[in-house]
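Note: the block below is coords03.txt and it holds compact mmCIF, C-alpha atoms and all ligand atoms.
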# COMPACT_ATOMS: atom_id res chain seq x y z
CA MET A 230 -184.70 -45.90 -20.70
CA SER A 231 -184.32 -47.47 -24.15
CA ASN A 232 -181.73 -44.91 -25.21
CA LYS A 233 -178.16 -45.91 -24.40
CA THR A 234 -176.51 -42.47 -24.79
CA THR A 235 -175.83 -41.04 -21.40
CA THR A 236 -176.98 -37.44 -21.16
CA ARG A 237 -176.14 -35.12 -18.32
CA ARG A 238 -179.74 -35.24 -17.21
CA GLY A 239 -179.64 -38.99 -17.34
CA ILE A 240 -176.58 -39.13 -15.08
CA LEU A 241 -178.12 -36.67 -12.67
CA ARG A 242 -181.33 -38.60 -12.49
CA GLY A 243 -179.48 -41.88 -12.08
CA ALA A 244 -177.49 -40.41 -9.23
CA LEU A 245 -180.56 -39.02 -7.54
CA ALA A 246 -182.57 -42.20 -7.84
CA GLY A 247 -179.68 -44.30 -6.59
CA SER A 248 -180.33 -47.36 -8.70
CA ALA A 249 -180.90 -47.11 -12.44
CA ALA A 250 -183.77 -49.57 -12.33
CA ALA A 251 -185.90 -47.15 -10.35
CA ILE A 252 -185.94 -44.47 -13.06
CA ALA A 253 -189.38 -43.91 -14.51
CA GLY A 254 -188.37 -41.05 -16.82
CA ARG A 255 -186.49 -41.49 -20.07
CA ALA A 256 -183.31 -40.11 -21.56
CA ALA A 257 -183.84 -37.58 -24.39
CA ALA A 258 -184.87 -39.54 -27.49
CA ASN A 259 -184.22 -38.79 -31.13
CA PRO A 260 -185.76 -35.48 -32.20
CA ASP A 261 -189.21 -35.38 -30.63
CA PRO A 262 -191.51 -33.11 -32.68
CA LEU A 263 -193.44 -32.23 -29.52
CA ILE A 264 -190.22 -30.57 -28.38
CA THR A 265 -188.47 -29.55 -31.60
CA GLU A 266 -191.45 -28.25 -33.61
CA THR A 267 -193.49 -25.21 -32.71
CA GLN A 268 -196.94 -26.39 -31.74
CA ASP A 269 -200.30 -24.70 -32.36
CA TRP A 270 -200.68 -23.89 -28.69
CA ALA A 271 -197.49 -21.81 -28.85
CA ILE A 272 -198.49 -20.03 -32.07
CA TYR A 273 -202.08 -19.03 -31.38
CA THR A 274 -203.48 -17.37 -28.30
CA GLY A 275 -205.73 -19.27 -25.94
CA ASP A 276 -209.23 -18.56 -24.61
CA PRO A 277 -209.85 -15.18 -23.03
CA VAL A 278 -210.74 -14.99 -19.34
CA ASP A 279 -214.45 -15.55 -18.86
CA ALA A 280 -214.61 -18.12 -21.68
CA THR A 281 -216.04 -20.35 -18.96
CA PRO A 282 -217.20 -18.15 -16.06
CA TYR A 283 -217.59 -21.31 -14.02
CA GLY A 284 -214.92 -23.76 -15.14
CA LEU A 285 -215.51 -27.31 -16.27
CA PRO A 286 -212.91 -30.06 -16.65
CA ILE A 287 -210.97 -29.91 -19.92
CA ARG A 288 -212.53 -32.08 -22.66
CA PHE A 289 -209.72 -34.65 -22.45
CA GLU A 290 -211.07 -35.60 -19.01
CA ALA A 291 -214.62 -36.14 -20.25
CA ASP A 292 -214.52 -39.76 -19.03
CA VAL A 293 -214.14 -38.78 -15.41
CA ILE A 294 -217.83 -38.63 -14.60
CA ARG A 295 -220.41 -40.22 -12.34
CA ARG A 296 -221.86 -43.35 -13.90
CA ASN A 297 -224.80 -45.53 -12.98
CA VAL A 298 -225.63 -49.17 -13.53
CA PRO A 299 -229.15 -49.05 -15.01
CA TRP A 300 -230.12 -52.62 -14.07
CA LEU A 301 -229.40 -52.04 -10.37
CA THR A 302 -232.55 -50.00 -9.76
CA ALA A 303 -236.01 -49.93 -11.34
CA ASP A 304 -236.08 -46.18 -11.90
CA PRO A 305 -233.43 -43.41 -12.03
CA ILE A 306 -235.57 -41.23 -9.73
CA SER A 307 -234.91 -43.58 -6.84
CA SER A 308 -231.42 -44.64 -7.72
CA ILE A 309 -227.71 -44.24 -7.29
CA ASN A 310 -224.68 -43.36 -9.36
CA PHE A 311 -221.01 -43.76 -8.58
CA THR A 312 -217.99 -41.51 -8.02
CA PRO A 313 -215.18 -42.14 -10.56
CA ILE A 314 -212.71 -42.96 -7.78
CA HIS A 315 -210.50 -44.90 -10.24
CA ALA A 316 -209.55 -41.60 -11.88
CA LEU A 317 -209.20 -39.32 -8.85
CA ASP A 318 -206.19 -38.77 -6.60
CA GLY A 319 -205.69 -37.06 -3.27
CA THR A 320 -208.74 -37.28 -1.03
CA ILE A 321 -211.23 -34.47 -1.77
CA THR A 322 -214.08 -35.40 -4.09
CA PRO A 323 -215.06 -32.60 -6.46
CA GLN A 324 -218.80 -32.01 -6.06
CA GLY A 325 -219.36 -32.34 -9.80
CA CYS A 326 -218.46 -36.04 -9.82
CA ALA A 327 -219.50 -37.02 -6.27
CA PHE A 328 -222.03 -39.88 -6.26
CA GLU A 329 -225.75 -39.14 -5.90
CA ARG A 330 -228.35 -41.19 -4.11
CA HIS A 331 -231.95 -40.02 -4.20
CA HIS A 332 -235.14 -41.75 -3.09
CA SER A 333 -237.42 -39.37 -4.99
CA GLY A 334 -235.14 -37.34 -7.23
CA ALA A 335 -232.98 -34.25 -6.61
CA ILE A 336 -235.24 -31.31 -5.82
CA GLU A 337 -234.64 -27.62 -6.43
CA LEU A 338 -235.12 -25.63 -3.24
CA ALA A 339 -234.17 -21.92 -3.26
CA LYS A 340 -232.54 -20.37 -0.19
CA GLU A 341 -235.43 -17.94 0.24
CA ASN A 342 -237.88 -20.85 0.38
CA TYR A 343 -235.77 -22.75 2.88
CA ARG A 344 -237.07 -23.36 6.42
CA LEU A 345 -235.59 -25.58 9.12
CA MET A 346 -237.88 -26.48 12.01
CA ILE A 347 -236.76 -27.79 15.40
CA ASN A 348 -239.67 -29.16 17.42
CA GLY A 349 -240.65 -31.95 19.81
CA LEU A 350 -239.17 -32.09 23.31
CA VAL A 351 -237.57 -28.64 23.21
CA ASP A 352 -238.16 -25.58 25.40
CA GLN A 353 -239.07 -23.41 22.42
CA PRO A 354 -239.86 -24.84 18.97
CA LEU A 355 -237.97 -22.76 16.39
CA VAL A 356 -237.90 -22.19 12.66
CA PHE A 357 -234.69 -21.02 10.97
CA THR A 358 -234.37 -19.40 7.58
CA TYR A 359 -231.15 -19.78 5.60
CA GLU A 360 -230.07 -16.30 6.74
CA ASP A 361 -230.70 -17.26 10.37
CA LEU A 362 -228.32 -20.20 9.96
CA GLU A 363 -225.61 -17.91 8.58
CA ARG A 364 -225.50 -16.07 11.92
CA PHE A 365 -224.39 -19.09 13.97
CA PRO A 366 -220.67 -19.79 14.53
CA ARG A 367 -219.61 -22.27 11.87
CA GLU A 368 -216.89 -24.92 11.54
CA ASN A 369 -214.98 -26.66 8.75
CA HIS A 370 -214.44 -30.43 8.71
CA VAL A 371 -213.56 -33.02 6.09
CA TYR A 372 -215.66 -36.19 6.21
CA PHE A 373 -216.45 -39.15 3.96
CA CYS A 374 -220.06 -40.00 3.17
CA GLU A 375 -220.50 -43.67 2.24
CA CYS A 376 -223.83 -45.22 1.32
CA ALA A 377 -224.42 -48.34 3.42
CA ALA A 378 -225.04 -50.16 0.12
CA ASN A 379 -221.54 -49.41 -1.18
CA THR A 380 -219.98 -52.73 -2.32
CA GLY A 381 -223.34 -54.40 -1.58
CA MET A 382 -223.39 -56.21 -4.92
CA GLU A 383 -220.17 -58.02 -4.00
CA TRP A 384 -221.51 -60.03 -1.04
CA ALA A 385 -221.78 -63.37 -2.75
CA GLY A 386 -218.86 -62.95 -5.13
CA ALA A 387 -217.20 -60.63 -7.65
CA GLN A 388 -219.86 -58.74 -9.64
CA LEU A 389 -219.09 -55.33 -11.06
CA ASN A 390 -215.90 -54.82 -13.03
CA GLY A 391 -214.68 -51.44 -11.90
CA VAL A 392 -213.80 -49.79 -8.60
CA GLN A 393 -216.15 -46.94 -9.53
CA PHE A 394 -219.02 -49.44 -9.39
CA THR A 395 -217.86 -51.66 -6.52
CA HIS A 396 -216.71 -48.84 -4.20
CA GLY A 397 -217.88 -45.55 -5.73
CA MET A 398 -220.85 -44.82 -3.43
CA ILE A 399 -218.54 -42.61 -1.43
CA HIS A 400 -217.45 -39.01 -1.47
CA ASN A 401 -215.24 -36.90 0.78
CA MET A 402 -215.69 -33.17 1.12
CA GLU A 403 -214.75 -30.27 3.33
CA TYR A 404 -218.01 -29.10 4.90
CA THR A 405 -218.82 -25.74 6.34
CA GLY A 406 -221.66 -25.95 8.80
CA ILE A 407 -223.07 -25.36 12.25
CA PRO A 408 -222.80 -28.04 14.94
CA LEU A 409 -226.32 -29.46 15.35
CA ARG A 410 -225.66 -29.08 19.08
CA ALA A 411 -225.75 -25.28 18.71
CA LEU A 412 -229.20 -25.33 17.09
CA LEU A 413 -230.58 -27.79 19.64
CA ASN A 414 -229.28 -25.60 22.46
CA GLU A 415 -230.86 -22.57 20.82
CA ALA A 416 -234.24 -24.33 21.06
CA GLY A 417 -233.33 -25.54 24.56
CA LEU A 418 -233.15 -29.16 25.69
CA GLY A 419 -234.44 -28.61 29.23
CA ALA A 420 -237.85 -30.00 28.25
CA ALA A 421 -236.19 -33.22 27.11
CA GLY A 422 -235.06 -34.07 30.66
CA ASP A 423 -232.46 -36.85 30.80
CA LEU A 424 -230.77 -36.75 27.39
CA ALA A 425 -229.28 -40.23 27.65
CA ASP A 426 -232.33 -41.95 26.14
CA LYS A 427 -233.50 -39.19 23.79
CA TRP A 428 -233.36 -39.14 20.00
CA VAL A 429 -233.67 -36.66 17.17
CA TYR A 430 -235.72 -37.51 14.11
CA VAL A 431 -234.39 -35.78 11.00
CA GLU A 432 -236.20 -35.43 7.69
CA GLY A 433 -235.74 -33.83 4.28
CA ALA A 434 -238.02 -31.59 2.21
CA ASP A 435 -238.17 -34.00 -0.75
CA ALA A 436 -241.14 -36.30 -1.37
CA SER A 437 -239.34 -39.32 0.18
CA SER A 438 -238.41 -37.24 3.27
CA ASN A 439 -235.81 -39.93 4.06
CA GLY A 440 -236.59 -39.70 7.80
CA ARG A 441 -234.11 -41.20 10.25
CA SER A 442 -233.71 -41.39 14.02
CA ILE A 443 -230.36 -40.40 15.54
CA PRO A 444 -229.48 -40.99 19.21
CA MET A 445 -229.08 -37.71 21.10
CA GLU A 446 -225.51 -38.60 22.05
CA LYS A 447 -224.46 -38.51 18.38
CA ALA A 448 -226.61 -35.45 17.65
CA LEU A 449 -224.73 -33.53 20.37
CA ASP A 450 -221.34 -34.87 19.31
CA ASP A 451 -220.08 -34.11 15.79
CA VAL A 452 -223.19 -33.80 13.57
CA LEU A 453 -223.16 -30.70 11.34
CA VAL A 454 -225.93 -28.76 9.66
CA ALA A 455 -223.91 -27.96 6.53
CA PHE A 456 -224.42 -25.42 3.79
CA LYS A 457 -221.08 -25.40 1.95
CA ALA A 458 -218.95 -28.20 0.55
CA ASN A 459 -215.41 -27.76 -0.74
CA GLY A 460 -215.80 -24.02 -0.26
CA GLU A 461 -218.90 -23.47 -2.38
CA ALA A 462 -222.65 -23.94 -2.03
CA LEU A 463 -223.84 -27.53 -1.96
CA ARG A 464 -224.94 -28.77 -5.35
CA LYS A 465 -228.64 -29.41 -5.83
CA GLU A 466 -228.02 -33.15 -5.95
CA HIS A 467 -226.25 -33.08 -2.57
CA GLY A 468 -229.02 -31.25 -0.75
CA TYR A 469 -228.83 -27.53 -1.57
CA PRO A 470 -229.16 -25.37 0.38
CA VAL A 471 -228.67 -27.38 3.63
CA ARG A 472 -227.87 -30.99 4.44
CA LEU A 473 -227.03 -32.96 7.54
CA VAL A 474 -223.48 -34.34 7.91
CA VAL A 475 -223.29 -37.34 10.24
CA PRO A 476 -219.56 -38.16 10.45
CA GLY A 477 -218.60 -41.83 10.14
CA TRP A 478 -222.22 -43.00 9.90
CA GLU A 479 -224.00 -44.49 6.90
CA GLY A 480 -224.93 -42.08 4.12
CA ASN A 481 -228.67 -42.59 4.58
CA LEU A 482 -228.54 -40.52 7.78
CA TRP A 483 -227.03 -37.56 5.92
CA VAL A 484 -230.42 -36.01 5.22
CA LYS A 485 -230.43 -33.65 2.24
CA TRP A 486 -232.70 -30.59 1.88
CA LEU A 487 -232.96 -30.82 5.69
CA ARG A 488 -236.35 -29.45 6.81
CA ARG A 489 -237.12 -30.73 10.29
CA ILE A 490 -235.42 -31.99 13.44
CA GLU A 491 -237.71 -33.38 16.12
CA VAL A 492 -236.47 -34.22 19.60
CA THR A 493 -238.20 -37.47 20.64
CA ASP A 494 -238.14 -39.92 23.53
CA MET A 495 -237.87 -42.91 21.26
CA ALA A 496 -236.73 -43.90 17.81
CA VAL A 497 -239.38 -43.45 15.13
CA GLU A 498 -238.54 -46.81 13.46
CA SER A 499 -239.18 -45.31 10.04
CA ARG A 500 -239.06 -47.22 6.77
CA GLU A 501 -235.44 -46.26 6.23
CA GLU A 502 -234.37 -47.86 9.53
CA THR A 503 -236.54 -51.00 9.51
CA SER A 504 -237.43 -52.40 6.10
CA LYS A 505 -234.33 -50.69 4.64
CA TYR A 506 -230.82 -50.14 5.98
CA THR A 507 -230.96 -53.17 8.28
CA ASP A 508 -228.95 -56.34 7.74
CA VAL A 509 -230.69 -59.70 7.45
CA LEU A 510 -228.51 -62.38 9.04
CA ALA A 511 -228.26 -66.07 8.16
CA ASP A 512 -231.05 -67.01 10.61
CA GLY A 513 -233.45 -64.46 9.12
CA THR A 514 -233.29 -61.96 11.98
CA ALA A 515 -232.11 -58.47 11.12
CA ARG A 516 -229.48 -56.29 12.74
CA LYS A 517 -230.60 -52.70 13.13
CA TRP A 518 -228.96 -49.46 14.26
CA THR A 519 -225.81 -50.38 12.34
CA TRP A 520 -224.90 -46.78 11.83
CA VAL A 521 -221.10 -46.73 11.81
CA MET A 522 -219.20 -47.50 8.61
CA ASP A 523 -216.37 -49.83 9.64
CA ALA A 524 -212.81 -49.48 8.33
CA LYS A 525 -212.43 -50.25 4.66
CA SER A 526 -209.98 -49.68 1.84
CA VAL A 527 -209.63 -50.35 -1.86
CA ILE A 528 -206.95 -50.04 -4.52
CA THR A 529 -208.12 -47.52 -7.10
CA SER A 530 -205.16 -47.96 -9.47
CA PRO A 531 -204.32 -50.33 -10.98
CA SER A 532 -207.91 -51.57 -11.19
CA PRO A 533 -210.27 -52.75 -13.95
CA GLN A 534 -210.90 -49.21 -15.24
CA GLN A 535 -207.27 -48.24 -14.69
CA PRO A 536 -205.02 -50.89 -16.30
CA ILE A 537 -201.24 -50.57 -16.38
CA THR A 538 -200.43 -49.09 -19.78
CA HIS A 539 -196.85 -47.92 -19.19
CA GLY A 540 -195.23 -51.34 -19.20
CA THR A 541 -192.99 -52.96 -16.62
CA GLY A 542 -190.74 -51.19 -14.13
CA PRO A 543 -191.70 -48.56 -11.57
CA LEU A 544 -195.36 -48.70 -10.60
CA VAL A 545 -197.40 -46.62 -8.20
CA ILE A 546 -200.18 -48.59 -6.56
CA THR A 547 -202.69 -46.27 -4.94
CA GLY A 548 -206.04 -46.33 -3.23
CA LEU A 549 -208.29 -45.02 -0.49
CA ALA A 550 -208.90 -46.05 3.11
CA TRP A 551 -211.46 -44.79 5.62
CA SER A 552 -213.07 -45.59 8.95
CA GLY A 553 -216.21 -44.35 10.62
CA HIS A 554 -214.48 -44.93 13.97
CA GLY A 555 -211.72 -42.35 13.48
CA GLN A 556 -208.36 -42.10 11.75
CA ILE A 557 -206.72 -44.64 9.50
CA THR A 558 -203.42 -45.60 11.08
CA ARG A 559 -202.07 -48.11 8.55
CA VAL A 560 -202.86 -49.59 5.16
CA ASP A 561 -201.27 -52.81 3.92
CA VAL A 562 -201.09 -53.96 0.31
CA SER A 563 -200.81 -57.57 -0.83
CA LYS A 564 -199.72 -58.72 -4.29
CA ASP A 565 -200.44 -62.39 -3.63
CA GLY A 566 -204.05 -62.46 -2.53
CA GLY A 567 -203.39 -61.84 1.14
CA MET A 568 -200.54 -64.30 1.81
CA SER A 569 -197.99 -61.54 2.39
CA TRP A 570 -198.41 -57.82 3.05
CA GLU A 571 -196.37 -54.64 2.57
CA THR A 572 -197.14 -51.46 4.47
CA ALA A 573 -198.24 -48.63 2.20
CA ARG A 574 -197.27 -44.96 2.56
CA LEU A 575 -200.06 -42.57 3.52
CA GLY A 576 -200.32 -39.52 1.25
CA ARG A 577 -200.72 -37.59 4.47
CA GLN A 578 -202.18 -38.53 7.81
CA GLY A 579 -205.87 -38.46 7.05
CA ASP A 580 -208.46 -36.69 9.14
CA SER A 581 -210.76 -38.61 11.46
CA LYS A 582 -213.75 -40.12 9.58
CA ALA A 583 -212.32 -38.88 6.28
CA LEU A 584 -210.70 -40.55 3.29
CA THR A 585 -206.98 -41.29 3.54
CA ARG A 586 -204.92 -41.73 0.37
CA PHE A 587 -202.27 -44.46 0.31
CA TYR A 588 -199.44 -45.30 -2.10
CA LEU A 589 -197.17 -48.28 -2.57
CA ASP A 590 -194.25 -47.22 -4.76
CA THR A 591 -193.11 -50.48 -6.24
CA GLU A 592 -191.75 -52.35 -9.25
CA TRP A 593 -193.79 -54.59 -11.56
CA ASN A 594 -192.13 -57.00 -13.93
CA GLY A 595 -195.20 -58.29 -15.70
CA GLU A 596 -196.01 -61.01 -13.21
CA PRO A 597 -199.68 -61.72 -12.44
CA TRP A 598 -200.68 -60.29 -9.08
CA LEU A 599 -203.68 -60.68 -6.83
CA LEU A 600 -203.85 -57.14 -5.47
CA GLN A 601 -205.53 -56.38 -2.16
CA ALA A 602 -205.52 -53.59 0.41
CA ARG A 603 -206.51 -53.77 4.04
CA ALA A 604 -207.10 -50.85 6.37
CA ILE A 605 -206.38 -50.58 10.08
CA ASP A 606 -207.94 -47.77 12.11
CA GLU A 607 -207.08 -46.04 15.38
CA THR A 608 -209.15 -48.53 17.38
CA GLY A 609 -206.89 -51.34 16.13
CA TYR A 610 -209.70 -52.80 14.00
CA VAL A 611 -208.42 -54.62 10.92
CA GLN A 612 -210.53 -54.72 7.73
CA PRO A 613 -211.85 -58.31 7.41
CA THR A 614 -211.70 -60.72 4.49
CA LYS A 615 -215.01 -61.42 2.77
CA ASP A 616 -215.09 -64.88 4.38
CA GLN A 617 -214.60 -63.43 7.86
CA LEU A 618 -217.47 -61.07 7.14
CA ARG A 619 -219.76 -63.80 5.82
CA ASP A 620 -218.98 -65.99 8.87
CA VAL A 621 -220.61 -63.34 11.03
CA ARG A 622 -223.19 -61.90 8.67
CA GLY A 623 -224.23 -64.78 6.38
CA GLU A 624 -225.05 -64.11 2.74
CA ASN A 625 -228.39 -62.27 2.95
CA SER A 626 -226.84 -58.87 3.56
CA VAL A 627 -226.54 -56.01 1.14
CA TYR A 628 -225.37 -53.19 3.40
CA HIS A 629 -222.09 -52.75 5.26
CA ASN A 630 -219.80 -54.87 3.11
CA ASN A 631 -216.31 -53.75 4.10
CA GLY A 632 -214.56 -56.97 3.06
CA ILE A 633 -211.16 -56.97 1.39
CA GLN A 634 -211.40 -56.49 -2.40
CA THR A 635 -209.17 -58.33 -4.89
CA TRP A 636 -208.05 -57.26 -8.36
CA ALA A 637 -206.36 -59.91 -10.53
CA LEU A 638 -203.60 -58.15 -12.46
CA ALA A 639 -202.62 -59.94 -15.68
CA ALA A 640 -199.33 -59.88 -17.59
CA ASP A 641 -200.86 -57.44 -20.12
CA GLY A 642 -201.50 -54.93 -17.33
CA ARG A 643 -205.26 -55.40 -17.21
CA ALA A 644 -207.00 -55.91 -13.88
CA GLU A 645 -210.20 -57.81 -13.15
CA ASN A 646 -212.57 -58.06 -10.21
CA VAL A 647 -212.12 -61.52 -8.65
CA GLU A 648 -212.83 -62.95 -5.25
CA VAL A 649 -210.06 -64.33 -3.06
CA SER A 650 -211.41 -64.85 0.41
N1 LIG A 701 -233.77 -35.93 1.77
C1 LIG A 701 -233.03 -36.97 1.39
N2 LIG A 701 -231.85 -37.18 1.99
C2 LIG A 701 -231.07 -38.22 1.63
C3 LIG A 701 -231.49 -39.13 0.64
C4 LIG A 701 -232.72 -38.87 -0.01
O1 LIG A 701 -233.15 -39.60 -0.93
N3 LIG A 701 -233.47 -37.78 0.40
N4 LIG A 701 -230.67 -40.22 0.35
C5 LIG A 701 -229.76 -40.66 1.43
C6 LIG A 701 -228.82 -41.69 1.06
S1 LIG A 701 -229.38 -43.29 1.04
C7 LIG A 701 -227.47 -41.42 0.90
S2 LIG A 701 -226.35 -42.65 0.66
C8 LIG A 701 -226.96 -40.03 0.92
C9 LIG A 701 -226.26 -39.73 -0.38
O2 LIG A 701 -225.80 -38.42 -0.44
P1 LIG A 701 -225.36 -37.79 -1.84
O3 LIG A 701 -226.52 -37.88 -2.80
O4 LIG A 701 -224.90 -36.42 -1.55
O5 LIG A 701 -224.22 -38.63 -2.35
O6 LIG A 701 -228.01 -39.08 1.11
C10 LIG A 701 -229.00 -39.47 2.01
N5 LIG A 701 -229.87 -38.37 2.27
MO MO A 702 -227.54 -44.74 0.94
Take the structure from the file and write it as structure tokens.
Ligand SMILES: Nc1nc2c(c(=O)[nH]1)N[C@H]1C(S)=C(S)[C@@H](COP(=O)(O)O)O[C@H]1N2
Ligand SMILES: [Mo]
Amino acid sequence: MSNKTTTRRGILRGALAGSAAAIAGRAAANPDPLITETQDWAIYTGDPVDATPYGLPIRFEADVIRRNVPWLTADPISSINFTPIHALDGTITPQGCAFERHHSGAIELAKENYRLMINGLVDQPLVFTYEDLERFPRENHVYFCECAANTGMEWAGAQLNGVQFTHGMIHNMEYTGIPLRALLNEAGLGAAGDLADKWVYVEGADASSNGRSIPMEKALDDVLVAFKANGEALRKEHGYPVRLVVPGWEGNLWVKWLRRIEVTDMAVESREETSKYTDVLADGTARKWTWVMDAKSVITSPSPQQPITHGTGPLVITGLAWSGHGQITRVDVSKDGGMSWETARLGRQGDSKALTRFYLDTEWNGEPWLLQARAIDETGYVQPTKDQLRDVRGENSVYHNNGIQTWALAADGRAENVEVS
């Protein structure tokens, strides 16, 4: 755009874009050696096939990795790391950079050593091997998995300077699995009697076992016993060979290395659903059974790890939105800390209980902005401000912070985590 000579391509582009100001490309500059000189990659041959029998990202993308915040937890065995959502686009999270949360480390469990038991109030207790599971009709669904603690550090005010750290305890994959309903029916639920007040208790094969109670209604609805993600086997860190997928509900229920499902007539009230994963309110009482992840969104670029480096002019603002109650129907973006809102464009209509990508194709002229996004889901629920959330929940909470996030964009293109509530 600095070059004044009008090339044919320039005219064409100008005509297509309508107004010259909207052009983000540039007219052909003075001889550009990257175009006019033969480069090494055109002189020498590249790697043969099989150089990497299982491909890894090219070295220039070596920054796009999970990261942890060492001071958050006492020990990396019972810890968390974060998906680099600032650097991703679209909606599917590659397994290799999808966040991990373990209570006693990621275990290695071979398919041949895998057993899944269904017991309790069933007609016939059963044990399935991995091969047994492969013989049930399977389904494919895309769902997000969000740890209830995602954004938990931000309750009292802005803390961590990067969307990877504030919002990266989330991933979104296409799962292949068997409806839990099919396995429960195989064992037979006649013995359970009235199902309305029954539960299933699910636990993993790792030392922590991560046991959780799930109401029967949910267990018979959309819960999957999954063995593939994004087309391939689950990674060890995500529960190989089999994990539970509990759509829209907090990540803690998504039991990895799933080993047992017990049909019960009451909730077990395990550690993970009493002393943990409950929300202490202002008066000291705790909310429990807060399973659903409410609608939430965040701008992933620009953001602290993703400053604007291309200067003023056309700018694509993008981010993610999701709701545990269903589809995202609208995402709004504010540049002035929530005083005025523009409706963003959805990359495509997202699936129910899955990440939705949004874009706001706009123009930035170097002015400081207070960038926010707010999600609206199919129930009409609107993502709250942090103050609205604190009015209801007080300040003792860690889990279930879905408040609106603010990035302060400065004239130099850098963005910082600030609170505007
Ligand atoms: N068996 C087992 N399942 C588990 C856990 C665990 O430590 N052990 N962690 C839970 C928590 S708290 C979360 S948020 C999700 C994280 O899934 P991921 O590691 O695939 O991201 O797994 C859940 N399932
Ligand atoms: Mo979690």
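Distances here use all atoms listed in the file; by that measure, the residue among A:Tyr283, A:Trp384, A:Tyr628, A:Phe394 closest to ligand MO 702 (chain A) is A:Tyr628.
Closest approach to ligand MO 702 (chain A) from the set A:Glu479, A:Asp565, A:Asp261, A:Glu645 is made by A:Glu479, with distances taken over all atoms listed in the file.
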Which residue of A:Arg643, A:Arg489, A:Arg500, A:Arg441 approaches Asn390 of chain A most closely, using all atoms listed in the file: A:Arg643
List every residue of chain A that has an atom at most 6 Å from any atom of ligand LIG 701 (chain A), giving for each one its closest atom pair and the distance in Å to one decimal, counting all atoms listed in the file, sorted by chain and then by ascending residue number, as a Markdown table.
| residue | atom | partner | partner_atom | distance |
| --- | --- | --- | --- | --- |
| A:Phe328 | CA | A:LIG701 | O5 | 4.7 |
| A:Glu329 | CA | A:LIG701 | O3 | 3.4 |
| A:Arg330 | CA | A:LIG701 | O3 | 4.0 |
| A:His331 | CA | A:LIG701 | O1 | 3.5 |
| A:His332 | CA | A:LIG701 | O1 | 3.6 |
| A:Ser333 | CA | A:LIG701 | O1 | 5.9 |
| A:Cys376 | CA | A:LIG701 | S2 | 3.7 |
| A:Gly433 | CA | A:LIG701 | N1 | 3.8 |
| A:Asp435 | CA | A:LIG701 | N1 | 5.4 |
| A:Ser438 | CA | A:LIG701 | N1 | 5.0 |
| A:Asn439 | CA | A:LIG701 | N3 | 4.8 |
| A:Glu466 | CA | A:LIG701 | O3 | 5.9 |
| A:His467 | CA | A:LIG701 | O4 | 3.7 |
| A:Gly480 | CA | A:LIG701 | S2 | 3.8 |
| A:Asn481 | CA | A:LIG701 | C6 | 3.6 |
| A:Leu482 | CA | A:LIG701 | C10 | 5.9 |
| A:Trp483 | CA | A:LIG701 | N5 | 4.7 |
| A:Val484 | CA | A:LIG701 | N2 | 3.7 |
| A:Lys485 | CA | A:LIG701 | N2 | 3.8 |
| A:Trp486 | CA | A:LIG701 | N1 | 5.4 |
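Picture a line from atom CA of Leu301 of chain A to atom CA of Leu473 of chain A; it runs 26.3 Å.
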Residue nearest Thr493 of chain A among A:Gly422, A:Pro543, A:Pro313, A:Gly254 (counting all atoms listed in the file): A:Gly422
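Distances from A:Ala602, A:Cys326, A:Leu449, A:Val527 to Thr572 of chain A were compared using only C-alpha atoms, and the smallest one belongs to A:Ala602.
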Atomic distance atom CA of Ala524 of chain A - atom CA of Gly468 of chain A, expressed in Å with one decimal: 26.0 Å
Pick from A:Val649, A:Ala377, A:Val356, A:Val611 nearest to ligand MO 702 (chain A), counting all atoms listed in the file: A:Ala377
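Distance-wise, atom CA of Trp478 of chain A and atom CA of Met522 of chain A end up 5.6 Å apart.
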Non-local contacts of Asn401 of chain A (9 Å; all atoms listed in the file; under 3 positions in same chain excluded) as a VMD selection string: chain A and resid 320 to 323 327 371 to 375 583 to 584
Selection: 8 Å around Glu571 of chain A, only C-alpha atoms, excl. self and same-chain fewer than 5 positions, as a PyMOL selection string: chain A and resi 561-563
